[in-house]
Number of protein chains: 4
Amino acid sequence: MAVYVSVIGAGDADADAVAAAEAVGRELAVAGAILVCGGRGGVMEAAARGAAEAGGVAVGLLPDADRSQANRYLSVSVPTGMGELRNGLVARAGDAVIAIGGEFGTLSEIGFALKLGRPVVGLGTWELARGGQGVDAIEVADGPRDAVARALTLARR
Amino acid sequence: MAVYVSVIGAGDADADAVAAAEAVGRELAVAGAILVCGGRGGVMEAAARGAAEAGGVAVGLLPDADRSQANRYLSVSVPTGMGELRNGLVARAGDAVIAIGGEFGTLSEIGFALKLGRPVVGLGTWELARGGQGVDAIEVADGPRDAVARALTLARR
Amino acid sequence: MAVYVSVIGAGDADADAVAAAEAVGRELAVAGAILVCGGRGGVMEAAARGAAEAGGVAVGLLPDADRSQANRYLSVSVPTGMGELRNGLVARAGDAVIAIGGEFGTLSEIGFALKLGRPVVGLGTWELARGGQGVDAIEVADGPRDAVARALTLARR
Amino acid sequence: MAVYVSVIGAGDADADAVAAAEAVGRELAVAGAILVCGGRGGVMEAAARGAAEAGGVAVGLLPDADRSQANRYLSVSVPTGMGELRNGLVARAGDAVIAIGGEFGTLSEIGFALKLGRPVVGLGTWELARGGQGVDAIEVADGPRDAVARALTLARR
């Protein structure tokens with residue numbers, strides 16, 4: 001059965017995050033994994049573009065009630081009409097999750113993924129602590145290739 | 001952009017419904033449409049099998065929290081963890097909907113599709129009336145090939 | 001534990017449906033049941049008004065992302081941000097469901113309720129058939145008082 | 001219109017978190033606010049108990065398909081059948097959110113709330129950083145009374 005990896009990150013992302021997302025999408029496609037994302041712009045579009053250009057499959061779970069805001073690199077899009085609640089669907093759909101940069105929406109997806117027991121690999125994303133002590137719940141990668149390698153290893157466990 | 005057609009029907013379906021669903025899935029694949037279904041057995045599995053055998057794409061939106069109950073003909077599966085509420089997602093994901101036979105879950109998807117303005121084509125499915133007067137909200141097809149032709153015409157309007 | 005009864009019907013309802021909904025809301029409040037509805041206008045508002053005026057509790061599960069469209073008779077409102085998908089939540093929240101008049105959204109709620117095994121009592125609502133044979137899945141009431149009596153009996157089973 | 005405050009925290013909570021949640025629930029009730037929570041044990045139950053004992057209203061949005069796991073202090077319970085996705089509903093339902101202690105589910109709710117622009121007040125909860133720099137998105141309270149005062153002020157803005 002195919003491995004699914006969700007790539008999460010902001011719709012309004014800086015150039016570094018976009019470049020990382022595109023590389024992550026490409027590496028996932030080369031590895032034969034199915035990429036899942038939120039289906040819109042920024043990190044979501046860059047990851048889908050990377051996957052599409054390498055001949056892979058990119059699935060977009062949209063917050064919208066229709067497909068008008070979908071990016072054009074998706075193999076399959078699903079308009080959920082659930083708004084930001086679809087973040088939970090994105091987190092659930094991955095056997096592992098790669099978080100790139102990220103704003104508050106990404107934080108919700110990280111929380112959701114960790115709650116569901118999905119392994120989370122991070123590239124320049126949130127750092128968590130409680131009571132002044134760091135919580136090592138997110139595996140920190142040192143680049144897109146490393147992030148994909150870690151995610152695939154964790155997804156197959 | 002690809003046309004999406006949702007095929008809805010019971011997980012516990014009789015032989016006629018299964019044969020119709022498989023033919024519908026095959027015809028949709030031949031026409032290049034993406035098939036969306038609920039991802040499990042019965043009509044859902046038969047439609048996905050028909051699509052897969054003709055080289056098409058079948059998307060399954062599962063009620064379950066994981067992929068263990070997914071049928072094996074899906075190109076892409078999404079475990080929603082939303083139970084029967086995912087019926088609304090299936091109805092929304094299609095530019096048109098084909099209802100085959102069907103029990104109460106199918107009725108919920110028909111209602112949802114009609115509410116969202118998605119055209120619904122029926123094969124041996126529910127008949128609706130109010131105040132003793134039939135309501136012609138479902139376009140009745142006389143076979144799988146006719147159902148697909150009607151759904152594609154309606155989806156492209 | 002309190003009994004919950006969901007009252008479903010169109011947001012754009014005629015005077016008969018509005019009068020019936022208000023009477024249903026009032027009778028439910030008098031019986032001590034908690035009324036659940038979709039939180040907006042028409043049948044939803046009339047039912048909530050009836051409950052409020054009789055000192056009862058009315059819960060509204062809104063399709064919207066905030067409370068700006070909630071009617072003013074709700075004791076508790078929940079903005080789901082899920083659009084029409086919230087119909088499934090309304091159907092699930094009732095130990096029994098009363099359908100009044102109704103358009104396609106009401107049909108989706110009837111389907112969800114029946115799929116989930118919730119008893120459905122109807123007042124001038126959809127009539128269902130398959131293969132030309134009526135399907136007696138909805139218990140037909142002959143007025144608001146009868147509808148509430150039947151719903152409470154079925155809810156307590 | 002009533003003010004709604006969501007109280008989030010783990011179902012399996014330590015004695016400090018439980019005591020804080022009960023005090024928060026009580027203060028919210030005294031202030032006339034409606035408390036929203038996830039409807040189950042731990043922090044959710046303690047907050048609802050505090051509210052109920054002070055004569056307030058406690059609403060529980062349950063992950064479950066029925067009410068069997070609801071705590072007994074809820075004025076109103078809604079079985080969503082959406083599993084952990086209901087965390088997003090809890091976050092959305094509050095005009096402000098108070099996070100107490102908390103595990104990964106709480107993190108998902110904090111992320112959802114911040115994404116949706118809901119103010120979040122924390123009592124011994126997650127601390128956030130990016131790139132080694134703390135992100136002050138959560139207003140830190142020094143006790144239950146302070147948390148409620150801050151939440152009500154923020155909710156009314």
# chains A, B, ... in the order shown; residues from 1 in each chain; ligands from 1
$ select_by_dssp --residues "chain C" --states "strand (DSSP E or B)" --output "MDAnalysis selection string"
chainID C and resid 4:9 34:37 57:62 76:79 96:100 120:123 126:130 133:134 138:140
$ closest_atom_pairs --of "chain C" --to "chain D" --cutoff "8 Å" --atoms "only C-alpha atoms" --output "CSV"
residue,atom,partner,partner_atom,distance
C:Ala65,CA,D:Arg92,CA,7.6
C:Asp66,CA,D:Arg92,CA,8.0
C:Val78,CA,D:Ala93,CA,5.7
C:Pro79,CA,D:Ala93,CA,6.0
C:Thr80,CA,D:Leu89,CA,5.9
C:Leu89,CA,D:Thr80,CA,5.9
C:Arg92,CA,D:Pro79,CA,7.0
C:Ala93,CA,D:Val78,CA,5.7
$ write_last_selection --atoms "all heavy atoms" --output "CSV table (one decimal), in the first residue's frame"
chain,number,residue,atom,x,y,z
C,65,ALA,N,-19.3,30.4,10.6
C,65,ALA,CA,-18.1,30.4,11.3
C,65,ALA,C,-18.2,31.3,12.6
C,65,ALA,O,-17.3,31.3,13.4
C,65,ALA,CB,-16.9,30.9,10.4
C,66,ASP,N,-19.3,32.1,12.7
C,66,ASP,CA,-19.5,32.9,13.9
C,66,ASP,C,-21.0,32.9,14.2
C,66,ASP,O,-21.8,32.2,13.5
C,66,ASP,CB,-18.9,34.3,13.7
C,66,ASP,CG,-19.6,35.0,12.5
C,66,ASP,OD1,-20.8,34.9,12.3
C,66,ASP,OD2,-18.9,35.7,11.8
C,78,VAL,N,-23.8,27.2,18.7
C,78,VAL,CA,-22.5,26.6,18.4
C,78,VAL,C,-22.2,26.9,16.9
C,78,VAL,O,-22.8,26.4,16.0
C,78,VAL,CB,-22.4,25.1,18.6
C,78,VAL,CG1,-21.0,24.6,18.3
C,78,VAL,CG2,-22.8,24.8,20.0
C,79,PRO,N,-21.3,27.9,16.6
C,79,PRO,CA,-20.9,28.1,15.2
C,79,PRO,C,-19.9,27.1,14.7
C,79,PRO,O,-18.8,27.0,15.2
C,79,PRO,CB,-20.2,29.5,15.3
C,79,PRO,CG,-19.7,29.6,16.7
C,79,PRO,CD,-20.5,28.7,17.6
C,80,THR,N,-20.4,26.2,13.8
C,80,THR,CA,-19.5,25.1,13.5
C,80,THR,C,-18.5,25.4,12.4
C,80,THR,O,-17.5,24.7,12.2
C,80,THR,CB,-20.4,23.9,13.0
C,80,THR,OG1,-21.0,24.2,11.7
C,80,THR,CG2,-21.4,23.5,14.0
C,89,LEU,N,-24.7,16.9,12.1
C,89,LEU,CA,-24.6,17.1,13.6
C,89,LEU,C,-26.0,17.3,14.2
C,89,LEU,O,-26.3,16.8,15.3
C,89,LEU,CB,-23.7,18.3,13.9
C,89,LEU,CG,-22.3,18.3,13.4
C,89,LEU,CD1,-21.6,19.6,13.8
C,89,LEU,CD2,-21.6,17.1,14.1
C,92,ARG,N,-27.7,14.0,14.4
C,92,ARG,CA,-27.1,13.1,15.4
C,92,ARG,C,-27.4,13.5,16.8
C,92,ARG,O,-27.5,12.7,17.7
C,92,ARG,CB,-25.6,13.1,15.2
C,92,ARG,CG,-24.9,12.0,16.1
C,92,ARG,CD,-23.4,12.1,16.0
C,92,ARG,NE,-22.8,11.7,14.8
C,92,ARG,CZ,-22.7,10.4,14.4
C,92,ARG,NH1,-23.1,9.5,15.2
C,92,ARG,NH2,-22.1,10.1,13.3
C,93,ALA,N,-27.6,14.8,17.0
C,93,ALA,CA,-27.8,15.4,18.4
C,93,ALA,C,-29.1,15.0,19.0
C,93,ALA,O,-29.3,15.2,20.2
C,93,ALA,CB,-27.5,16.9,18.4
$ select_by_dssp --residues "stretch 17-106 of chain C" --states "helix (DSSP H, G or I)" --output "JSON, numbers by chain"
{"C": [17, 18, 19, 20, 21, 22, 23, 24, 25, 26, 27, 28, 29, 30, 43, 44, 45, 46, 47, 48, 49, 50, 51, 52, 53, 83, 84, 85, 86, 87, 88, 89, 90, 91, 92, 93, 104, 105, 106]}
$ write_last_selection --atoms "N, CA and C atoms" --output "mmCIF file, in the first residue's frame"
data_model
loop_
_atom_site.group_PDB
_atom_site.id
_atom_site.type_symbol
_atom_site.label_atom_id
_atom_site.label_comp_id
_atom_site.auth_asym_id
_atom_site.auth_seq_id
_atom_site.Cartn_x
_atom_site.Cartn_y
_atom_site.Cartn_z
ATOM 1 N N ALA C 17 -45.752 25.993 8.193
ATOM 2 C CA ALA C 17 -44.583 25.337 8.770
ATOM 3 C C ALA C 17 -44.079 26.118 9.984
ATOM 4 N N VAL C 18 -44.091 27.447 9.875
ATOM 5 C CA VAL C 18 -43.637 28.280 10.991
ATOM 6 C C VAL C 18 -44.544 28.084 12.205
ATOM 7 N N ALA C 19 -45.849 28.062 11.991
ATOM 8 C CA ALA C 19 -46.776 27.877 13.111
ATOM 9 C C ALA C 19 -46.590 26.500 13.747
ATOM 10 N N ALA C 20 -46.414 25.493 12.900
ATOM 11 C CA ALA C 20 -46.206 24.135 13.423
ATOM 12 C C ALA C 20 -44.905 24.062 14.226
ATOM 13 N N ALA C 21 -43.861 24.689 13.708
ATOM 14 C CA ALA C 21 -42.566 24.650 14.392
ATOM 15 C C ALA C 21 -42.641 25.332 15.746
ATOM 16 N N GLU C 22 -43.327 26.466 15.798
ATOM 17 C CA GLU C 22 -43.433 27.172 17.074
ATOM 18 C C GLU C 22 -44.189 26.317 18.096
ATOM 19 N N ALA C 23 -45.259 25.670 17.658
ATOM 20 C CA ALA C 23 -46.021 24.807 18.566
ATOM 21 C C ALA C 23 -45.181 23.612 19.018
ATOM 22 N N VAL C 24 -44.413 23.057 18.109
ATOM 23 C CA VAL C 24 -43.540 21.928 18.469
ATOM 24 C C VAL C 24 -42.516 22.372 19.513
ATOM 25 N N GLY C 25 -41.910 23.530 19.295
ATOM 26 C CA GLY C 25 -40.928 24.033 20.259
ATOM 27 C C GLY C 25 -41.532 24.220 21.638
ATOM 28 N N ARG C 26 -42.748 24.758 21.657
ATOM 29 C CA ARG C 26 -43.425 25.000 22.927
ATOM 30 C C ARG C 26 -43.721 23.694 23.652
ATOM 31 N N GLU C 27 -44.248 22.725 22.914
ATOM 32 C CA GLU C 27 -44.580 21.425 23.534
ATOM 33 C C GLU C 27 -43.325 20.707 24.048
ATOM 34 N N LEU C 28 -42.249 20.811 23.300
ATOM 35 C CA LEU C 28 -41.005 20.178 23.756
ATOM 36 C C LEU C 28 -40.531 20.823 25.057
ATOM 37 N N ALA C 29 -40.626 22.138 25.132
ATOM 38 C CA ALA C 29 -40.190 22.841 26.349
ATOM 39 C C ALA C 29 -41.051 22.430 27.539
ATOM 40 N N VAL C 30 -42.361 22.376 27.315
ATOM 41 C CA VAL C 30 -43.275 21.993 28.396
ATOM 42 C C VAL C 30 -42.953 20.585 28.903
ATOM 43 N N VAL C 43 -38.124 27.622 10.061
ATOM 44 C CA VAL C 43 -38.517 26.578 11.013
ATOM 45 C C VAL C 43 -37.611 26.583 12.232
ATOM 46 N N MET C 44 -36.318 26.827 12.019
ATOM 47 C CA MET C 44 -35.360 26.789 13.127
ATOM 48 C C MET C 44 -35.674 27.881 14.142
ATOM 49 N N GLU C 45 -35.932 29.081 13.644
ATOM 50 C CA GLU C 45 -36.225 30.200 14.540
ATOM 51 C C GLU C 45 -37.576 30.017 15.230
ATOM 52 N N ALA C 46 -38.566 29.556 14.486
ATOM 53 C CA ALA C 46 -39.900 29.389 15.075
ATOM 54 C C ALA C 46 -39.863 28.350 16.191
ATOM 55 N N ALA C 47 -39.165 27.262 15.961
ATOM 56 C CA ALA C 47 -39.081 26.218 16.990
ATOM 57 C C ALA C 47 -38.361 26.753 18.224
ATOM 58 N N ALA C 48 -37.262 27.473 18.003
ATOM 59 C CA ALA C 48 -36.517 28.026 19.131
ATOM 60 C C ALA C 48 -37.361 29.049 19.891
ATOM 61 N N ARG C 49 -38.135 29.860 19.159
ATOM 62 C CA ARG C 49 -38.995 30.852 19.798
ATOM 63 C C ARG C 49 -40.059 30.176 20.659
ATOM 64 N N GLY C 50 -40.657 29.132 20.124
ATOM 65 C CA GLY C 50 -41.650 28.401 20.895
ATOM 66 C C GLY C 50 -41.062 27.840 22.173
ATOM 67 N N ALA C 51 -39.862 27.264 22.073
ATOM 68 C CA ALA C 51 -39.212 26.702 23.258
ATOM 69 C C ALA C 51 -38.878 27.807 24.254
ATOM 70 N N ALA C 52 -38.330 28.909 23.750
ATOM 71 C CA ALA C 52 -37.902 30.001 24.641
ATOM 72 C C ALA C 52 -39.099 30.595 25.385
ATOM 73 N N GLU C 53 -40.204 30.778 24.661
ATOM 74 C CA GLU C 53 -41.367 31.400 25.281
ATOM 75 C C GLU C 53 -42.000 30.511 26.344
ATOM 76 N N GLY C 83 -20.542 24.686 7.297
ATOM 77 C CA GLY C 83 -21.544 24.810 6.244
ATOM 78 C C GLY C 83 -22.637 23.765 6.413
ATOM 79 N N GLU C 84 -23.135 23.286 5.285
ATOM 80 C CA GLU C 84 -24.280 22.374 5.313
ATOM 81 C C GLU C 84 -23.963 21.042 5.978
ATOM 82 N N LEU C 85 -22.672 20.727 6.116
ATOM 83 C CA LEU C 85 -22.303 19.488 6.816
ATOM 84 C C LEU C 85 -22.853 19.470 8.236
ATOM 85 N N ARG C 86 -23.146 20.635 8.800
ATOM 86 C CA ARG C 86 -23.674 20.639 10.162
ATOM 87 C C ARG C 86 -25.050 19.975 10.236
ATOM 88 N N ASN C 87 -25.698 19.779 9.095
ATOM 89 C CA ASN C 87 -26.970 19.049 9.109
ATOM 90 C C ASN C 87 -26.814 17.681 9.767
ATOM 91 N N GLY C 88 -25.709 17.040 9.518
ATOM 92 C CA GLY C 88 -25.460 15.735 10.119
ATOM 93 C C GLY C 88 -25.314 15.827 11.626
ATOM 94 N N LEU C 89 -24.736 16.923 12.109
ATOM 95 C CA LEU C 89 -24.616 17.126 13.558
ATOM 96 C C LEU C 89 -25.991 17.316 14.200
ATOM 97 N N VAL C 90 -26.860 18.074 13.520
ATOM 98 C CA VAL C 90 -28.210 18.291 14.052
ATOM 99 C C VAL C 90 -28.952 16.952 14.145
ATOM 100 N N ALA C 91 -28.853 16.155 13.077
ATOM 101 C CA ALA C 91 -29.539 14.858 13.080
ATOM 102 C C ALA C 91 -29.015 13.966 14.196
ATOM 103 N N ARG C 92 -27.698 13.969 14.398
ATOM 104 C CA ARG C 92 -27.104 13.101 15.409
ATOM 105 C C ARG C 92 -27.436 13.547 16.829
ATOM 106 N N ALA C 93 -27.626 14.838 17.025
ATOM 107 C CA ALA C 93 -27.789 15.354 18.390
ATOM 108 C C ALA C 93 -29.147 15.038 18.999
ATOM 109 N N PHE C 104 -34.520 20.447 0.440
ATOM 110 C CA PHE C 104 -33.481 19.428 0.279
ATOM 111 C C PHE C 104 -32.591 19.273 1.509
ATOM 112 N N GLY C 105 -32.338 20.403 2.208
ATOM 113 C CA GLY C 105 -31.530 20.289 3.417
ATOM 114 C C GLY C 105 -32.204 19.393 4.449
ATOM 115 N N THR C 106 -33.514 19.521 4.551
ATOM 116 C CA THR C 106 -34.274 18.675 5.461
ATOM 117 C C THR C 106 -34.184 17.209 5.033
#
$ atom_distance --atom1 "atom CA of C:Ile98" --atom2 "atom CA of D:Ala70"
24.0 Å
$ residues_around --residues "D:Val120" --least-positions-apart "3" --cutoff "10 Å" --atoms "only C-alpha atoms" --output "count of residues only"
25
$ atom_distance --atom1 "atom CA of B:Gly42" --atom2 "atom CA of B:Ser108"
17.1 Å
$ atom_distance --atom1 "atom CA of B:Gly11" --atom2 "atom CA of B:Gly102"
8.8 Å
$ residues_around --residues "C:Gly101" --least-positions-apart "3" --cutoff "7 Å" --atoms "only C-alpha atoms" --output "number ranges by chain"
C: 9, 17, 123-125
